[in-house]
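Have a look at the structure below, then the notes.
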Amino acid sequence: MNNKAKEILLKKRYRAEKRFRFFGISSIILALSFLCILLVNIFTNGLSAFSRTEILLKVNFNEKKIGININSTDKEIKQANFDEILQEALLNLAPNVPELKQAELIDLVSIDATIELKKFYLKNKDVLNKTSEVALTLSDDIDQVHKGNFPRDIPEDRRRFSDFQLKIYDEQIAQKKIISEFNWPFLFNADSREPEIAGVGASLMGSFFTLIVCLLLSFPLGILAAIYLEEFAPKNKITEIIEVNVNNLAAVPSIVFGLLGLGVFLNYFYLPRSTPLVGGLVLALMTLPRIIIPCRAALKAVPPSIREGALALGASKVQTVMHNVVPLAMPGTLSGTIIGLSQALGETAPLLLIGMVAFINVVPSTPFDPSAVLPVQVYLWSESAERGFVEKTSATIIILIFFLAFMNSFAIYLRNKFEKRWS
Amino acid sequence: MNIVLLSLIVIFSLSCYFFGKSKILKQTKISKKKFHSLPEYYGYYLAAWCGLPALIILFFWSLSELYIVKILILSDFRTDPAIDNNKLNLIFSQIKAIAENKFTGNIPQNLIPYAERFLSLNKILELSKLAIIFSAIIFSLSFAYSQILKNIKARESVEKVIRVVMFLCAAIAVFTTLGIVLSLLFESIKFFTAVSIFDFITGTNWAPGRAFVRDASVQTTDVENVFGAVPLFWGTFFIAMIAMCVAVPIGLFSGIYMAEYASSKIRKIAKPLIEVLAGIPTVVYGFFAALTVGPFFRTIGEGVGLNVSSESALAAGMVMGVMIIPYVSSLTDDVINAVPRSLREGSYAMGATKSETIKKVILPAALPGVVGAVLLAISRAVGETMIVVMAAGLGANLTINPLEASTTITTQIVTILIGDQSFNNPKTQAAFALGITLFFFTLVINVIALNIVKKFREKYE
Amino acid sequence: MVNEKIKISTRNLNVYYGIKQALFDINLDLFEKKVTALIGPSGCGKSTFIRCLNRMNDVIDICKVEGSIKVDGEEINGKEIDVNVVRERIGMVFQKPNPFPKSIYDNIAYGPRIHGLANNQDDLDRIVENSLKKAALWEEVKDRLNQPGTGLSGGQQQRLCIARAISINPEVILMDEPCSALDPIATAKIEELIDELKKSYTIVIVTHSMSQAARVSQNTGFFHLGKLLEFNLTEKIFKNPDNKMTQDYITGRFG
């Protein structure tokens, strides 16, 4: 082979090298850009859900129209009807419109507006028979227009609000009567059919209860199982069977655990459907192997000299393990548990099968009440047609990701800070 | 009720612990004799004897309680030959709902006396439970108390209990697997008595919704013709393959780059960031696929004149592929790192470039590990639920066009079982038959993959 | 060697690892309040032997110990014997210092706590102080008892382990090459300490260093290939061994 041919070959080889490297780098960049697109997409869609749009409306609290007087008790007020004064106030926005348009005026605010009015009155009873300006939540359609999530220049028959409503809205904007506030109710309200008042309060609570049940079951059971397998189990057939089962369960699709929950917990033991109790139980079984595996790794990492030291002092095997080995393995165990729980927090499929998809419009107060959880709420809202639910769904995902990020960084912190490297 | 009882037992046990400990402390002071174990262990001993028998009784009692009631109450209905087992279950749940004031709709008058009987039986059972548990506590406590005064080896007994409890915890894994297999098998067997296995595996028409038609006996549709699962198997396979087409090249190259080229600084940042992809809940991917990726493909398709359905196998598969990237890349990274240095150095010493070394030496050596990684990723893809539920559609099409909607095993399980299901009809049982198919399929892949990876590790350790 | 009380005696002691026999018919008497050194080439079974004396071989699943081991005439080798009590009486110090990753105080207090040796906090403080003093570590650590034991130097860690062994007031202390991981100065300190400790404890030390055996022990046993070839007064062994192999080993001709 002459020198020239060699040179050409060498060049070719270097080109191949460069190409290979390029593939590697672009794969990583591609993977990371998927992550970016996903997160940016969710955040741009969802951030607007954290504000709500309200209208400052002049309302005349006429006692006759409400049907109360200055001496009415809170209970009477709660039963009273504020619809009439609300309608009156809304109609005042554009006096003398035909009856057909009046309905459009009334549709400007959320159906919850009377309740807001009632709450306002309960706090400010001195407005009776006076006119006062009250901030009321606007309907979901106007809310979306205000946030710019819905284009206003498409033909009237293809949108959910009329030109007339838009005109009123523009007038109110000009008078600075439309305001935006932080959407606290979104964090505390339960689900609703109306996007503007639907919130994640119930599913937050449901997720919390579910995780607590899951933690209470899977953590002690998982840690004890790991200690047994790593420290006490004799080398025999039974131990082998258990180990194979643990490893395989960690890779079983989560939906199969849902079938287990449905077939055994609901159908056989008659546990209450749709509750965090059953959800937590199913997730605990799913999380168990995911706790046992890192926990065993942490126990294995404790050097045998520690065990020998304690045994030589006459400590029994149980004492040695409980006093000296387990505390050293704790950081690794805890971080494994937190990561297992964070997976449980994001899990949806098994919960769908045990009925945690019911429409729940009250915030659950115990783990025995039917409830939804955050990821299921995402699924439920993503199936809804209203435009307002898109931002709610994304906002729920933001909340979910926030919790996951928090849990995972805490786990990493624990591992880095406390886990000793034995060498 | 059970919770009150549970906390009572716990409080009792706790006080037994303190009582036993202080009793032994006092005894040592008075008689100056040394006990075998530390005073704490006598406390634990007493607490264990107080709590464990009570808890065991409580556990088994609560499990069987409802069945005793059921047998007693339903004895009247059993005599009627027209009422089969399914009807009995239905009647019992109605009686239970009436008794608990949870019945919705018109209460059948003939069941009211049974509901009353249900309540009174429950009360009797509750009372006898209380009585039995408390007598058990008193009995075992008095035994344990006489034992500790005899200076028994309390530590050894307590440690034995601890070991048994730990063993039971570990055995839960086996019980879970058993529970899964049995509950799936139980319903599947019922399903396969109505529908032949052969039709299920080879049939190409999947329309379980029409199975109801026969139940209502409005029209006689043959049950066996609507449970052909081939379209589901195909859809599952098809979407998983699309996912692997995305995940394998990207994951493999990222893994290789991370292991062989990247500086430790880049590695430290990029590796956890890629792993974030695996930490994002699948429902988020599903939402993303349905809301963004699906319509995106549709718009592109419209642009080039293709008819893309908004729920397509392509969208679901691509997004699933992105989710799986880190599974492939992390395992590839690990596997490549496990290849010994000497192999690399041998290749470099002959003047091979890095990529040549990787292609000709490292990858062939790491091949079993990489194959294992890909198999594990396939098992993930097959078992993945939310992405396909939200983005792949429901139509059971037997198609190779990735732009059409396609359905999978997991999607069908969810669709069948979501919301209210009535058991005992072939449609619901079909979901369990699908479940057992899924379970065994993923189990086989996992076992093969884990063994390949394990063998590979052993080779280089 | 007459007129001395025998503390531990082994008769026909055979040890197997699986099917491989590690010790063959060891018959050895250890005298009270004396230092006995066990020497021999590595793999000769001397560590296996002392691990029999406090039943540490129980930890190894495949290890089987046959024969009789008597402490003060009492059999300690057998399934029905409580190993924890045996180990309370016979303490052990390992090759590599292995303090628990706890405070210095808790390292020492651990043993007394699990055996219930202290009735109150003052008792415990006293035990910790005495143990550290006996291990000649008190002066160095008395101001930092709450700091982790793992933060000490190697020699200090080993003395901490000795203090830990002393804390439960054992009758015998087994030392498995206690100085092999230490520098010469730390080694000298430990040897000095052993000399002091033999006033109150029976000590068995496994060592690689012939000179160390000569310096610290009164009796010496020579192990080779799992057999006890010679056991005698240290002076005798080093000056005029009966066995040819011992002679070769001591003069450095093999091992």
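In the structure tokens, each chain is lettered A, B, ... as it comes, each chain's residues begin at 1, and ligands are numbered from 1 in order of appearance.
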Give me, as a list in words, all polymer residues having an atom no more than 10 Å from Glu187 in chain B, counting only C-alpha atoms and skipping those fewer than 4 positions away in the same chain.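 After dropping sequence-adjacent residues, the list is Gly263 of chain A; Leu182, Ser183, Phe191, Phe192, Phe423, Asn424, Asn425, Pro426, Thr428, Gln429, Ala430, Ala431, Phe432, Ala433 and Ile436 of chain B.
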For the residues selected in the previous step, produce a file with N, CA and C atoms as a PDB file, in the first residue's frame.
```pdb
ATOM      1  N   GLY A 263     -59.401  -7.165  41.782  1.00  0.00           N
ATOM      2  CA  GLY A 263     -59.838  -8.544  41.974  1.00  0.00           C
ATOM      3  C   GLY A 263     -59.834  -8.958  43.431  1.00  0.00           C
TER       4      GLY A 263
ATOM      5  N   LEU B 182     -53.324 -15.660  41.076  1.00  0.00           N
ATOM      6  CA  LEU B 182     -54.602 -16.297  41.382  1.00  0.00           C
ATOM      7  C   LEU B 182     -55.774 -15.437  40.961  1.00  0.00           C
ATOM      8  N   SER B 183     -55.708 -14.127  41.286  1.00  0.00           N
ATOM      9  CA  SER B 183     -56.876 -13.304  40.963  1.00  0.00           C
ATOM     10  C   SER B 183     -57.042 -13.204  39.450  1.00  0.00           C
ATOM     11  N   PHE B 191     -63.565 -16.653  32.076  1.00  0.00           N
ATOM     12  CA  PHE B 191     -63.671 -16.102  30.729  1.00  0.00           C
ATOM     13  C   PHE B 191     -63.490 -17.203  29.689  1.00  0.00           C
ATOM     14  N   PHE B 192     -62.501 -18.045  29.937  1.00  0.00           N
ATOM     15  CA  PHE B 192     -62.202 -19.058  28.921  1.00  0.00           C
ATOM     16  C   PHE B 192     -63.209 -20.209  28.920  1.00  0.00           C
ATOM     17  N   PHE B 423     -69.131  -7.413  37.649  1.00  0.00           N
ATOM     18  CA  PHE B 423     -68.352  -8.623  37.442  1.00  0.00           C
ATOM     19  C   PHE B 423     -69.247  -9.664  36.809  1.00  0.00           C
ATOM     20  N   ASN B 424     -68.697 -10.827  36.568  1.00  0.00           N
ATOM     21  CA  ASN B 424     -69.484 -11.943  36.073  1.00  0.00           C
ATOM     22  C   ASN B 424     -70.060 -11.726  34.701  1.00  0.00           C
ATOM     23  N   ASN B 425     -69.450 -10.870  33.882  1.00  0.00           N
ATOM     24  CA  ASN B 425     -69.822 -10.946  32.484  1.00  0.00           C
ATOM     25  C   ASN B 425     -68.539 -11.068  31.688  1.00  0.00           C
ATOM     26  N   PRO B 426     -68.606 -11.667  30.519  1.00  0.00           N
ATOM     27  CA  PRO B 426     -67.385 -11.984  29.786  1.00  0.00           C
ATOM     28  C   PRO B 426     -66.553 -10.756  29.459  1.00  0.00           C
ATOM     29  N   THR B 428     -65.933  -8.036  31.365  1.00  0.00           N
ATOM     30  CA  THR B 428     -65.026  -7.727  32.465  1.00  0.00           C
ATOM     31  C   THR B 428     -63.956  -8.795  32.590  1.00  0.00           C
ATOM     32  N   GLN B 429     -64.385 -10.052  32.452  1.00  0.00           N
ATOM     33  CA  GLN B 429     -63.411 -11.136  32.592  1.00  0.00           C
ATOM     34  C   GLN B 429     -62.372 -11.086  31.484  1.00  0.00           C
ATOM     35  N   ALA B 430     -62.763 -10.559  30.337  1.00  0.00           N
ATOM     36  CA  ALA B 430     -61.809 -10.443  29.232  1.00  0.00           C
ATOM     37  C   ALA B 430     -60.626  -9.582  29.640  1.00  0.00           C
ATOM     38  N   ALA B 431     -60.925  -8.545  30.444  1.00  0.00           N
ATOM     39  CA  ALA B 431     -59.841  -7.668  30.895  1.00  0.00           C
ATOM     40  C   ALA B 431     -58.830  -8.460  31.709  1.00  0.00           C
ATOM     41  N   PHE B 432     -59.340  -9.375  32.525  1.00  0.00           N
ATOM     42  CA  PHE B 432     -58.418 -10.173  33.337  1.00  0.00           C
ATOM     43  C   PHE B 432     -57.634 -11.159  32.459  1.00  0.00           C
ATOM     44  N   ALA B 433     -58.310 -11.678  31.428  1.00  0.00           N
ATOM     45  CA  ALA B 433     -57.592 -12.563  30.512  1.00  0.00           C
ATOM     46  C   ALA B 433     -56.467 -11.793  29.828  1.00  0.00           C
ATOM     47  N   ILE B 436     -53.634 -11.330  32.340  1.00  0.00           N
ATOM     48  CA  ILE B 436     -52.749 -12.469  32.570  1.00  0.00           C
ATOM     49  C   ILE B 436     -51.819 -12.670  31.367  1.00  0.00           C
TER      50      ILE B 436
END
```
Show me which bits of chain A are within 6 Å of chain B, counting only C-alpha atoms, as a PyMOL selection string. chain A and resi 17+24+27-28+221+224-225+228+242+245-246+253+260+263+346+353+355
Helix (DSSP H, G or I) positions in range 31-246 of chain A, given as an NGL selection string: :A and (31-50 or 63-66 or 74-79 or 83-91 or 99-106 or 113-123 or 125-127 or 140-146 or 156-158 or 163-174 or 184-188 or 201-232 or 237-246)
Taking only residues of chain A that have an atom at most 7 Å from an atom of chain C, what is each one's shortest atom pair and its distance in Å to one decimal, using only C-alpha atoms, in chain and number order, as JSON lines?
```
{"residue": "A:Ser305", "atom": "CA", "partner": "C:Asn98", "partner_atom": "CA", "distance": 5.9}
{"residue": "A:Ile306", "atom": "CA", "partner": "C:Asn98", "partner_atom": "CA", "distance": 6.1}
{"residue": "A:Gly309", "atom": "CA", "partner": "C:Asn98", "partner_atom": "CA", "distance": 6.4}
{"residue": "A:Ala312", "atom": "CA", "partner": "C:Met92", "partner_atom": "CA", "distance": 5.7}
{"residue": "A:Leu313", "atom": "CA", "partner": "C:Glu88", "partner_atom": "CA", "distance": 5.9}
{"residue": "A:Gly314", "atom": "CA", "partner": "C:Asn84", "partner_atom": "CA", "distance": 4.3}
{"residue": "A:Ala315", "atom": "CA", "partner": "C:Asn84", "partner_atom": "CA", "distance": 6.1}
{"residue": "A:Ser316", "atom": "CA", "partner": "C:Asn84", "partner_atom": "CA", "distance": 6.0}
```
Specify as a PDB file with C-alpha atoms, in the first residue's frame all residues of chain B found within 9 Å of chain C, counting only C-alpha atoms.
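The resulting file, iface_26.pdb, is reproduced below:
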```pdb
ATOM      1  CA  SER B  37     -31.773 -10.392  79.617  1.00  0.00           C
ATOM      2  CA  LEU B  38     -31.967  -6.633  79.982  1.00  0.00           C
ATOM      3  CA  PRO B  39     -35.199  -5.391  81.617  1.00  0.00           C
TER       4      PRO B  39
END
```
Residues within 12 Å of Gly18 in chain C, only C-alpha atoms, excluding chain neighbours under 5 positions, as a ChimeraX atom specification: /C:60-65
Just-selected residues, N, CA and C atoms written as a short mmCIF file (atom, residue, chain, number, x, y, z; two decimals), in the first residue's frame:
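Output file part-v7.cif follows:
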```cif
data_model
loop_
_atom_site.label_atom_id
_atom_site.label_comp_id
_atom_site.auth_asym_id
_atom_site.auth_seq_id
_atom_site.Cartn_x
_atom_site.Cartn_y
_atom_site.Cartn_z
N ILE C 60 -19.67 -17.48 60.00
CA ILE C 60 -19.44 -18.00 58.64
C ILE C 60 -20.29 -19.26 58.44
N ASP C 61 -21.18 -19.17 57.45
CA ASP C 61 -22.17 -20.25 57.27
C ASP C 61 -21.55 -21.63 57.09
N ILE C 62 -20.49 -21.68 56.26
CA ILE C 62 -19.99 -23.00 55.88
C ILE C 62 -18.99 -23.56 56.88
N CYS C 63 -18.72 -22.79 57.95
CA CYS C 63 -17.67 -23.22 58.87
C CYS C 63 -18.24 -24.18 59.93
N LYS C 64 -17.54 -25.29 60.13
CA LYS C 64 -18.01 -26.28 61.11
C LYS C 64 -16.89 -26.52 62.12
N VAL C 65 -17.19 -26.38 63.41
CA VAL C 65 -16.17 -26.55 64.44
C VAL C 65 -16.50 -27.80 65.25
#
```
Looking at A:Leu30, A:Ile197, A:Val127, A:Leu10, which one is nearest to Ile70 in chain A, with distances taken over only C-alpha atoms?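 That would be A:Val127, the residue with the smallest distance to Ile70 in chain A.
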In Å, how far is it from CA of Ile292 in chain A to CA of Ser207 in chain A?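 Atom-to-atom, CA of Ile292 in chain A and CA of Ser207 in chain A are spaced 22.7 Å apart.
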Near Met210 in chain C, counting only C-alpha atoms, which residues have an atom at most 10 Å away, once you skip same-chain residues fewer than 4 positions from it, shown as a list in words?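 The filter keeps Ala37, Leu38, Ile39, Gly40, Ala214, Arg215, Phe238, Tyr249, Ile250, Thr251 and Gly252 of chain C.
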Write out as a PyMOL selection string each polymer residue whose atoms come within 7 Å of range 194-198 of chain C, counting only C-alpha atoms; drop sequence neighbours fewer than 4 positions from it. chain C and resi 33-35+190+202-203+216
